[in-house]
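> Take this structure first; my questions come after.
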There are 2 protein chains.
Amino acid sequence: MRISDLSRASGVPLPTLKFYLREGLLPAGTARASNQAEYGEAHLRRLRLIRALTRIGGLTLRQVREVLAAVDDATVPDHELLGVAQYALEPPSSRGRAVAREVDELLAEIGWDAHPDAPARATLGEAIATLRELGWTVDPKQLRRYANAVDGLAKKEVASIPDARSRSDMVERLVVGTVLYERILTALRRLAQEHHSARRFGPGGGRDWS
Amino acid sequence: MRISDLSRASGVPLPTLKFYLREGLLPAGTARASNQAEYGEAHLRRLRLIRALTRIGGLTLRQVREVLAAVDDATVPDHELLGVAQYALEPPSSRGRAVAREVDELLAEIGWDAHPDAPARATLGEAIATLRELGWTVDPKQLRRYANAVDGLAKKEVASIPDARSRSDMVERLVVGTVLYERILTALRRLAQEHHSARRFGPGGGRDWS
């Protein structure tokens, strides 16, 4: 298809397509006799992935380029590819290092393998450090309850990734699943809090927060 | 104590204290003969709450004012007060209304009481609508698994609120607990995903995402 058809089929405006081509995010089309480039399914798939990375994942252009390079480099193993994508989703944090040993011990106790530089370690450490600064006691048993709650969910999430048809598809599933199911999980937690607050504090057993 | 001592004791800079006084967020001190105002424990507690609402909760000044008004209005019941604070934490969303009936059915099935206008309903609906737009199937059974995972956590969280010494303290616990334990929950989920990805895709059973 022509670039105008690619724009229509993907829903990506023409100026954005030209920008992606210039930046090398989208591979050039095949040159044709008519002096027009021909685009195909691979371009549509690439655009789907770029959209997931930017709109859902909130990645910067530099991060998108890194993830796409890993998708295209067949020497990068699948597990490492998923790591490149997931790590790009996490805002960098350095404050959490103060409680790094505690996080190490927690993960060792739960029995999770995660790289020493996994950004989620620092996010976890930072939240624990901030709670302490505010005078809260952080109970290791409570952390283990939270860990147990997500362990089964994550296992099922990872199990669904092999249904992906390609490396591009795998990364798209990881990014969309991580971000949107995170929103679902936290929204459900707030609704559950409202429900339990209604039962605990509400009038006559309580109904809602109206 | 004098305003300079209040600044030292609370860690809030003097210009910020004067701003809070002008804006009515912090009640005026008691006038003394020496022509200086006297501040006490209530001011320190109020500053703690303002800090939790702004720095941890990310609330705007207008939202802080609304929450403080509810804290100070003894006719607002405890459960409603917690609602005012929790609703202020949620970014408003209107797109989720398209799947509102589905969210209603899910909550009815789980048996959770939550107000029809609870912002987390719209957040949940929006995430489901976005997944569908991206061509994902959203399995009600999966949503129920997520709901079950947070139900027990939320019940324990709400049970810990009565340990609070005052309404101000209750709201502070709700805001800090909601935001920071949300970060802990999502960081743990990402670490759990890495672990299960290592076992599923990693070399020889896999180690990590290095």
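Quick note on naming: the chains in the structure tokens go A, B, ... in the order shown, residues restart at 1 in each chain, and ligands are numbered from 1 in order of appearance.
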Within 8 Å of chain B, which residues of chain A show up? Give each one with its shortest atom-to-atom distance in Å (one decimal) and the two atoms involved, counting only C-alpha atoms, rows by chain then rising residue number, as JSON lines.

{"residue": "A:Asp78", "atom": "CA", "partner": "B:Phe201", "partner_atom": "CA", "distance": 6.5}
{"residue": "A:His79", "atom": "CA", "partner": "B:Phe201", "partner_atom": "CA", "distance": 5.1}
{"residue": "A:Glu80", "atom": "CA", "partner": "B:Trp209", "partner_atom": "CA", "distance": 5.1}
{"residue": "A:Leu82", "atom": "CA", "partner": "B:Trp209", "partner_atom": "CA", "distance": 8.0}
{"residue": "A:Gly83", "atom": "CA", "partner": "B:Trp209", "partner_atom": "CA", "distance": 5.2}
{"residue": "A:Val84", "atom": "CA", "partner": "B:Trp209", "partner_atom": "CA", "distance": 7.9}
{"residue": "A:Gln86", "atom": "CA", "partner": "B:Arg190", "partner_atom": "CA", "distance": 7.9}
{"residue": "A:Trp112", "atom": "CA", "partner": "B:His195", "partner_atom": "CA", "distance": 5.4}
{"residue": "A:Asp113", "atom": "CA", "partner": "B:His195", "partner_atom": "CA", "distance": 4.8}
{"residue": "A:Ala114", "atom": "CA", "partner": "B:Asp208", "partner_atom": "CA", "distance": 5.2}
{"residue": "A:His115", "atom": "CA", "partner": "B:Asp208", "partner_atom": "CA", "distance": 5.0}
{"residue": "A:Ala118", "atom": "CA", "partner": "B:Leu191", "partner_atom": "CA", "distance": 7.8}
{"residue": "A:Ala120", "atom": "CA", "partner": "B:Ala187", "partner_atom": "CA", "distance": 4.9}
{"residue": "A:Arg121", "atom": "CA", "partner": "B:Ala187", "partner_atom": "CA", "distance": 7.1}
{"residue": "A:Thr123", "atom": "CA", "partner": "B:Ala187", "partner_atom": "CA", "distance": 6.3}
{"residue": "A:Leu124", "atom": "CA", "partner": "B:Ile184", "partner_atom": "CA", "distance": 5.3}
{"residue": "A:Ala127", "atom": "CA", "partner": "B:Leu180", "partner_atom": "CA", "distance": 5.6}
{"residue": "A:Ile128", "atom": "CA", "partner": "B:Ile184", "partner_atom": "CA", "distance": 7.8}
{"residue": "A:Leu131", "atom": "CA", "partner": "B:Leu180", "partner_atom": "CA", "distance": 7.3}
{"residue": "A:Arg145", "atom": "CA", "partner": "B:Leu153", "partner_atom": "CA", "distance": 7.5}
{"residue": "A:Tyr146", "atom": "CA", "partner": "B:Leu185", "partner_atom": "CA", "distance": 6.1}
{"residue": "A:Ala147", "atom": "CA", "partner": "B:Leu188", "partner_atom": "CA", "distance": 5.9}
{"residue": "A:Ala149", "atom": "CA", "partner": "B:Ala149", "partner_atom": "CA", "distance": 5.1}
{"residue": "A:Val150", "atom": "CA", "partner": "B:Arg189", "partner_atom": "CA", "distance": 5.3}
{"residue": "A:Asp151", "atom": "CA", "partner": "B:Ala192", "partner_atom": "CA", "distance": 5.6}
{"residue": "A:Leu153", "atom": "CA", "partner": "B:Tyr146", "partner_atom": "CA", "distance": 7.2}
{"residue": "A:Ala154", "atom": "CA", "partner": "B:Gln193", "partner_atom": "CA", "distance": 4.9}
{"residue": "A:Lys155", "atom": "CA", "partner": "B:His196", "partner_atom": "CA", "distance": 5.7}
{"residue": "A:Glu157", "atom": "CA", "partner": "B:Gln193", "partner_atom": "CA", "distance": 7.5}
{"residue": "A:Val158", "atom": "CA", "partner": "B:Ser197", "partner_atom": "CA", "distance": 6.0}
{"residue": "A:Ala159", "atom": "CA", "partner": "B:Arg200", "partner_atom": "CA", "distance": 7.7}
{"residue": "A:Val176", "atom": "CA", "partner": "B:Leu131", "partner_atom": "CA", "distance": 7.7}
{"residue": "A:Thr178", "atom": "CA", "partner": "B:Arg190", "partner_atom": "CA", "distance": 7.8}
{"residue": "A:Leu180", "atom": "CA", "partner": "B:Ala127", "partner_atom": "CA", "distance": 5.6}
{"residue": "A:Tyr181", "atom": "CA", "partner": "B:Ala127", "partner_atom": "CA", "distance": 7.5}
{"residue": "A:Glu182", "atom": "CA", "partner": "B:Thr186", "partner_atom": "CA", "distance": 6.6}
{"residue": "A:Arg183", "atom": "CA", "partner": "B:Ala127", "partner_atom": "CA", "distance": 6.7}
{"residue": "A:Ile184", "atom": "CA", "partner": "B:Leu124", "partner_atom": "CA", "distance": 5.3}
{"residue": "A:Leu185", "atom": "CA", "partner": "B:Tyr146", "partner_atom": "CA", "distance": 6.2}
{"residue": "A:Thr186", "atom": "CA", "partner": "B:Glu182", "partner_atom": "CA", "distance": 6.6}
{"residue": "A:Ala187", "atom": "CA", "partner": "B:Ala120", "partner_atom": "CA", "distance": 4.9}
{"residue": "A:Leu188", "atom": "CA", "partner": "B:Ala147", "partner_atom": "CA", "distance": 5.9}
{"residue": "A:Arg189", "atom": "CA", "partner": "B:Val150", "partner_atom": "CA", "distance": 5.3}
{"residue": "A:Arg190", "atom": "CA", "partner": "B:Ala120", "partner_atom": "CA", "distance": 6.5}
{"residue": "A:Leu191", "atom": "CA", "partner": "B:Ala114", "partner_atom": "CA", "distance": 6.2}
{"residue": "A:Ala192", "atom": "CA", "partner": "B:Asp151", "partner_atom": "CA", "distance": 5.6}
{"residue": "A:Gln193", "atom": "CA", "partner": "B:Ala154", "partner_atom": "CA", "distance": 4.9}
{"residue": "A:Glu194", "atom": "CA", "partner": "B:Ala114", "partner_atom": "CA", "distance": 6.1}
{"residue": "A:His195", "atom": "CA", "partner": "B:Asp113", "partner_atom": "CA", "distance": 4.8}
{"residue": "A:His196", "atom": "CA", "partner": "B:Lys155", "partner_atom": "CA", "distance": 5.6}
{"residue": "A:Ser197", "atom": "CA", "partner": "B:Val158", "partner_atom": "CA", "distance": 6.0}
{"residue": "A:Ala198", "atom": "CA", "partner": "B:His79", "partner_atom": "CA", "distance": 6.4}
{"residue": "A:Arg200", "atom": "CA", "partner": "B:Val158", "partner_atom": "CA", "distance": 7.7}
{"residue": "A:Phe201", "atom": "CA", "partner": "B:His79", "partner_atom": "CA", "distance": 5.1}
{"residue": "A:Gly202", "atom": "CA", "partner": "B:His79", "partner_atom": "CA", "distance": 5.4}
{"residue": "A:Arg207", "atom": "CA", "partner": "B:Asp113", "partner_atom": "CA", "distance": 6.1}
{"residue": "A:Asp208", "atom": "CA", "partner": "B:His115", "partner_atom": "CA", "distance": 5.1}
{"residue": "A:Trp209", "atom": "CA", "partner": "B:Glu80", "partner_atom": "CA", "distance": 5.1}
{"residue": "A:Ser210", "atom": "CA", "partner": "B:His115", "partner_atom": "CA", "distance": 6.2}
> Find the residues around A:Thr16 up to 12 Å (only C-alpha atoms counted), leave out those fewer than 5 positions away in its own chain, and share them as a VMD selection string.
chain A and resid 3 to 4 6 to 7 10 to 11 21 to 23 25 to 26 47 50 to 51
> Those residues you just picked out, can you put them in a file as a PDB file, in the first residue's frame with N, CA and C atoms?

ATOM      1  N   ILE A   3       1.887   5.246   1.157  1.00  0.00           N
ATOM      2  CA  ILE A   3       1.995   5.852   2.491  1.00  0.00           C
ATOM      3  C   ILE A   3       0.655   6.455   2.938  1.00  0.00           C
ATOM      4  N   SER A   4      -0.140   6.972   1.999  1.00  0.00           N
ATOM      5  CA  SER A   4      -1.443   7.536   2.374  1.00  0.00           C
ATOM      6  C   SER A   4      -2.386   6.427   2.860  1.00  0.00           C
ATOM      7  N   LEU A   6      -1.300   3.619   4.249  1.00  0.00           N
ATOM      8  CA  LEU A   6      -0.741   3.203   5.540  1.00  0.00           C
ATOM      9  C   LEU A   6      -1.263   4.113   6.642  1.00  0.00           C
ATOM     10  N   SER A   7      -1.342   5.405   6.330  1.00  0.00           N
ATOM     11  CA  SER A   7      -1.850   6.375   7.305  1.00  0.00           C
ATOM     12  C   SER A   7      -3.302   6.056   7.652  1.00  0.00           C
ATOM     13  N   SER A  10      -3.595   2.636   9.600  1.00  0.00           N
ATOM     14  CA  SER A  10      -3.035   2.626  10.962  1.00  0.00           C
ATOM     15  C   SER A  10      -3.646   3.695  11.850  1.00  0.00           C
ATOM     16  N   GLY A  11      -4.281   4.688  11.213  1.00  0.00           N
ATOM     17  CA  GLY A  11      -4.812   5.802  12.000  1.00  0.00           C
ATOM     18  C   GLY A  11      -3.730   6.777  12.435  1.00  0.00           C
ATOM     19  N   LEU A  21       9.663   7.862   9.764  1.00  0.00           N
ATOM     20  CA  LEU A  21      10.566   7.408   8.691  1.00  0.00           C
ATOM     21  C   LEU A  21      11.900   8.141   8.782  1.00  0.00           C
ATOM     22  N   ARG A  22      11.840   9.462   8.966  1.00  0.00           N
ATOM     23  CA  ARG A  22      13.066  10.271   9.090  1.00  0.00           C
ATOM     24  C   ARG A  22      13.908   9.825  10.272  1.00  0.00           C
ATOM     25  N   GLU A  23      13.203   9.518  11.396  1.00  0.00           N
ATOM     26  CA  GLU A  23      13.904   9.147  12.630  1.00  0.00           C
ATOM     27  C   GLU A  23      14.360   7.683  12.617  1.00  0.00           C
ATOM     28  N   LEU A  25      12.482   5.077  12.958  1.00  0.00           N
ATOM     29  CA  LEU A  25      11.663   4.196  13.802  1.00  0.00           C
ATOM     30  C   LEU A  25      10.850   3.243  12.932  1.00  0.00           C
ATOM     31  N   LEU A  26      10.476   3.739  11.756  1.00  0.00           N
ATOM     32  CA  LEU A  26       9.706   2.947  10.793  1.00  0.00           C
ATOM     33  C   LEU A  26      10.626   2.682   9.599  1.00  0.00           C
ATOM     34  N   LEU A  47       3.926   0.116  13.605  1.00  0.00           N
ATOM     35  CA  LEU A  47       3.188   1.301  14.067  1.00  0.00           C
ATOM     36  C   LEU A  47       2.347   0.999  15.308  1.00  0.00           C
ATOM     37  N   ILE A  50       4.823   1.019  18.173  1.00  0.00           N
ATOM     38  CA  ILE A  50       5.242   2.394  18.525  1.00  0.00           C
ATOM     39  C   ILE A  50       4.124   3.094  19.289  1.00  0.00           C
ATOM     40  N   ARG A  51       2.878   2.906  18.846  1.00  0.00           N
ATOM     41  CA  ARG A  51       1.749   3.538  19.526  1.00  0.00           C
ATOM     42  C   ARG A  51       1.623   3.022  20.962  1.00  0.00           C
TER      43      ARG A  51
END
> List every residue of stretch 18-163 of chain B that DSSP, applied to the backbone, labels as strand (DSSP E or B), and write the result as an mmCIF file with all heavy atoms, in the first residue's frame.

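The resulting file, out29.cif, is shown below:
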data_model
loop_
_atom_site.group_PDB
_atom_site.id
_atom_site.type_symbol
_atom_site.label_atom_id
_atom_site.label_comp_id
_atom_site.auth_asym_id
_atom_site.auth_seq_id
_atom_site.Cartn_x
_atom_site.Cartn_y
_atom_site.Cartn_z
ATOM 1 N N THR B 30 -2.112 31.825 68.470
ATOM 2 C CA THR B 30 -2.748 32.596 69.545
ATOM 3 C C THR B 30 -1.941 33.876 69.774
ATOM 4 O O THR B 30 -0.713 33.811 69.931
ATOM 5 C CB THR B 30 -2.740 31.769 70.845
ATOM 6 O OG1 THR B 30 -3.124 30.431 70.529
ATOM 7 C CG2 THR B 30 -3.677 32.361 71.881
ATOM 8 N N ALA B 31 -2.641 35.040 69.787
ATOM 9 C CA ALA B 31 -1.924 36.314 69.982
ATOM 10 C C ALA B 31 -1.375 36.378 71.403
ATOM 11 O O ALA B 31 -2.024 35.936 72.350
ATOM 12 C CB ALA B 31 -2.892 37.465 69.734
ATOM 13 N N ALA B 37 2.683 35.689 67.691
ATOM 14 C CA ALA B 37 1.684 34.622 67.763
ATOM 15 C C ALA B 37 2.332 33.356 68.307
ATOM 16 O O ALA B 37 3.511 33.104 68.083
ATOM 17 C CB ALA B 37 1.091 34.375 66.378
ATOM 18 N N GLU B 38 1.522 32.592 69.043
ATOM 19 C CA GLU B 38 2.009 31.349 69.645
ATOM 20 C C GLU B 38 1.423 30.151 68.880
ATOM 21 O O GLU B 38 0.228 30.103 68.618
ATOM 22 C CB GLU B 38 1.566 31.318 71.118
ATOM 23 C CG GLU B 38 1.879 30.057 71.881
ATOM 24 C CD GLU B 38 3.357 29.926 72.242
ATOM 25 O OE1 GLU B 38 4.095 30.941 72.140
ATOM 26 O OE2 GLU B 38 3.775 28.810 72.597
#
> Quick one: residues within 9 Å of A:Val67, only C-alpha atoms counted, chain neighbours fewer than 5 positions away excluded, as a list in words?
Leu53, Arg62, Asp72, Leu81, Val84, Ala85, Ala88 and Val171 of chain A
> Limited to all heavy atoms, could you put the picked residues into a file as a tab-separated table (two decimals), in the first residue's frame?

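Result saved to out08.tsv:
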chain	number	residue	atom	x	y	z
A	53	LEU	N	4.01	1.79	22.84
A	53	LEU	CA	5.15	2.27	23.63
A	53	LEU	C	4.99	3.73	24.03
A	53	LEU	O	5.29	4.11	25.15
A	53	LEU	CB	6.47	2.10	22.84
A	53	LEU	CG	6.92	0.66	22.56
A	53	LEU	CD1	8.12	0.65	21.62
A	53	LEU	CD2	7.25	-0.08	23.84
A	62	ARG	N	13.77	8.36	22.67
A	62	ARG	CA	15.03	7.66	22.87
A	62	ARG	C	14.77	6.24	23.39
A	62	ARG	O	15.41	5.27	22.95
A	62	ARG	CB	15.90	8.44	23.87
A	62	ARG	CG	17.38	8.12	23.82
A	62	ARG	CD	18.17	9.08	24.70
A	62	ARG	NE	17.81	8.95	26.11
A	62	ARG	CZ	18.30	8.02	26.93
A	62	ARG	NH1	19.17	7.12	26.48
A	62	ARG	NH2	17.93	7.95	28.18
A	72	ASP	N	14.41	-5.80	17.02
A	72	ASP	CA	14.97	-6.13	15.71
A	72	ASP	C	16.26	-6.95	15.79
A	72	ASP	O	16.67	-7.53	14.79
A	72	ASP	CB	15.24	-4.83	14.93
A	72	ASP	CG	13.95	-4.11	14.56
A	72	ASP	OD1	12.91	-4.79	14.50
A	72	ASP	OD2	13.99	-2.88	14.35
A	81	LEU	N	14.73	-9.30	26.08
A	81	LEU	CA	13.91	-8.33	25.34
A	81	LEU	C	12.76	-7.81	26.21
A	81	LEU	O	12.50	-6.60	26.27
A	81	LEU	CB	13.34	-9.03	24.09
A	81	LEU	CG	12.29	-8.25	23.29
A	81	LEU	CD1	12.89	-6.97	22.71
A	81	LEU	CD2	11.72	-9.12	22.17
A	84	VAL	N	14.18	-5.31	28.69
A	84	VAL	CA	14.45	-3.98	28.11
A	84	VAL	C	13.15	-3.17	28.10
A	84	VAL	O	13.12	-1.99	28.48
A	84	VAL	CB	15.03	-4.12	26.68
A	84	VAL	CG1	15.05	-2.77	25.97
A	84	VAL	CG2	16.43	-4.72	26.73
A	85	ALA	N	12.04	-3.82	27.69
A	85	ALA	CA	10.76	-3.12	27.61
A	85	ALA	C	10.24	-2.77	29.00
A	85	ALA	O	9.82	-1.63	29.25
A	85	ALA	CB	9.74	-3.99	26.87
A	88	ALA	N	12.18	0.05	30.76
A	88	ALA	CA	11.94	1.38	30.17
A	88	ALA	C	10.67	2.02	30.73
A	88	ALA	O	10.52	3.23	30.74
A	88	ALA	CB	11.83	1.26	28.64
A	171	VAL	N	6.42	-7.77	23.00
A	171	VAL	CA	6.73	-6.50	23.68
A	171	VAL	C	5.46	-5.68	23.84
A	171	VAL	O	5.22	-5.09	24.89
A	171	VAL	CB	7.83	-5.74	22.91
A	171	VAL	CG1	7.97	-4.32	23.44
A	171	VAL	CG2	9.15	-6.47	23.00
> Mind pulling up the distance from atom CA of A:Ala129 to atom CA of A:Lys141?
16.6 Å
> Apply DSSP to the backbone of this structure and, from stretch 24-186 of chain A, keep only the residues in helix (DSSP H, G or I); write these as a PyMOL selection string.
chain A and resi 41-56+61-72+78-89+95-110+119-133+140-163+167-186
> Now that the selection is made, can you save its residues with C-alpha atoms as a tab-separated table (two decimals), in the first residue's frame?

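To be explicit, this is the file written out as again_22.tsv:
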chain	number	residue	atom	x	y	z
A	41	GLU	CA	1.85	-5.64	7.20
A	42	ALA	CA	5.27	-5.28	8.87
A	43	HIS	CA	4.86	-1.50	8.82
A	44	LEU	CA	1.38	-1.73	10.35
A	45	ARG	CA	2.72	-4.02	13.09
A	46	ARG	CA	5.60	-1.64	13.79
A	47	LEU	CA	3.19	1.30	14.07
A	48	ARG	CA	1.01	-0.64	16.52
A	49	LEU	CA	4.07	-1.24	18.69
A	50	ILE	CA	5.24	2.39	18.52
A	51	ARG	CA	1.75	3.54	19.53
A	52	ALA	CA	1.69	1.12	22.49
A	53	LEU	CA	5.15	2.27	23.63
A	54	THR	CA	4.39	5.99	23.40
A	55	ARG	CA	0.69	6.35	24.23
A	56	ILE	CA	0.27	3.54	26.74
A	61	LEU	CA	11.60	8.76	21.65
A	62	ARG	CA	15.03	7.66	22.87
A	63	GLN	CA	13.48	4.80	24.85
A	64	VAL	CA	11.28	3.76	21.90
A	65	ARG	CA	14.42	3.56	19.76
A	66	GLU	CA	16.15	1.33	22.34
A	67	VAL	CA	13.19	-1.04	22.62
A	68	LEU	CA	12.79	-1.27	18.81
A	69	ALA	CA	16.52	-2.00	18.44
A	70	ALA	CA	16.15	-4.92	20.89
A	71	VAL	CA	13.04	-6.18	19.01
A	72	ASP	CA	14.97	-6.13	15.71
A	78	ASP	CA	13.23	-13.20	24.50
A	79	HIS	CA	13.59	-12.87	28.28
A	80	GLU	CA	16.13	-10.04	27.93
A	81	LEU	CA	13.91	-8.33	25.34
A	82	LEU	CA	11.01	-8.29	27.82
A	83	GLY	CA	13.40	-6.85	30.41
A	84	VAL	CA	14.45	-3.98	28.11
A	85	ALA	CA	10.76	-3.12	27.61
A	86	GLN	CA	9.73	-3.42	31.27
A	87	TYR	CA	12.72	-1.46	32.60
A	88	ALA	CA	11.94	1.38	30.17
A	89	LEU	CA	8.47	1.68	31.76
A	95	ARG	CA	16.72	7.18	46.71
A	96	GLY	CA	15.61	3.59	47.24
A	97	ARG	CA	19.20	2.34	47.46
A	98	ALA	CA	19.27	3.19	51.17
A	99	VAL	CA	17.05	0.20	51.93
A	100	ALA	CA	18.50	-2.02	49.17
A	101	ARG	CA	19.62	-4.73	51.58
A	102	GLU	CA	16.14	-4.95	53.07
A	103	VAL	CA	14.63	-5.29	49.59
A	104	ASP	CA	17.24	-7.99	48.80
A	105	GLU	CA	16.23	-9.91	51.91
A	106	LEU	CA	12.52	-9.61	51.13
A	107	LEU	CA	13.00	-10.89	47.56
A	108	ALA	CA	15.27	-13.71	48.75
A	109	GLU	CA	12.65	-14.75	51.29
A	110	ILE	CA	9.85	-14.73	48.69
A	119	PRO	CA	14.26	-0.41	38.54
A	120	ALA	CA	11.27	-1.80	40.47
A	121	ARG	CA	13.69	-2.64	43.33
A	122	ALA	CA	14.55	1.04	43.69
A	123	THR	CA	10.87	2.07	43.44
A	124	LEU	CA	10.04	-0.41	46.19
A	125	GLY	CA	12.95	0.78	48.34
A	126	GLU	CA	12.00	4.42	47.84
A	127	ALA	CA	8.39	3.84	48.94
A	128	ILE	CA	9.61	2.00	52.07
A	129	ALA	CA	12.13	4.77	52.85
A	130	THR	CA	9.44	7.47	52.43
A	131	LEU	CA	7.02	5.62	54.74
A	132	ARG	CA	9.77	5.48	57.42
A	133	GLU	CA	10.55	9.19	57.01
A	140	PRO	CA	7.76	-7.26	56.66
A	141	LYS	CA	4.71	-9.52	57.07
A	142	GLN	CA	2.54	-6.92	55.35
A	143	LEU	CA	5.04	-6.66	52.46
A	144	ARG	CA	4.90	-10.44	52.10
A	145	ARG	CA	1.08	-10.31	51.96
A	146	TYR	CA	1.32	-7.79	49.09
A	147	ALA	CA	3.94	-9.96	47.36
A	148	ASN	CA	1.77	-13.06	47.67
A	149	ALA	CA	-1.22	-11.16	46.25
A	150	VAL	CA	0.65	-10.25	43.04
A	151	ASP	CA	2.67	-13.46	42.63
A	152	GLY	CA	-0.20	-15.52	41.23
A	153	LEU	CA	-1.37	-12.66	39.00
A	154	ALA	CA	2.12	-12.14	37.52
A	155	LYS	CA	2.53	-15.85	36.85
A	156	LYS	CA	-0.68	-15.90	34.79
A	157	GLU	CA	0.32	-12.66	33.02
A	158	VAL	CA	3.68	-14.10	31.95
A	159	ALA	CA	2.01	-17.35	30.90
A	160	SER	CA	-0.17	-15.40	28.43
A	161	ILE	CA	2.84	-13.82	26.63
A	162	PRO	CA	3.76	-16.94	24.55
A	163	ASP	CA	0.42	-16.53	22.75
A	167	ARG	CA	8.76	-10.49	19.24
A	168	SER	CA	7.05	-7.22	18.36
A	169	ASP	CA	3.77	-8.67	19.61
A	170	MET	CA	5.42	-9.97	22.82
A	171	VAL	CA	6.73	-6.50	23.68
A	172	GLU	CA	3.38	-4.92	22.88
A	173	ARG	CA	1.60	-7.37	25.18
A	174	LEU	CA	4.10	-6.71	27.97
A	175	VAL	CA	3.80	-2.92	27.76
A	176	VAL	CA	0.01	-2.77	27.38
A	177	GLY	CA	-0.55	-5.49	29.98
A	178	THR	CA	1.83	-3.97	32.53
A	179	VAL	CA	0.46	-0.43	32.29
A	180	LEU	CA	-3.27	-1.04	31.86
A	181	TYR	CA	-3.61	-3.95	34.27
A	182	GLU	CA	-1.64	-1.88	36.80
A	183	ARG	CA	-4.37	0.77	36.48
A	184	ILE	CA	-7.04	-1.91	36.83
A	185	LEU	CA	-5.32	-3.34	39.92
A	186	THR	CA	-4.98	0.02	41.67
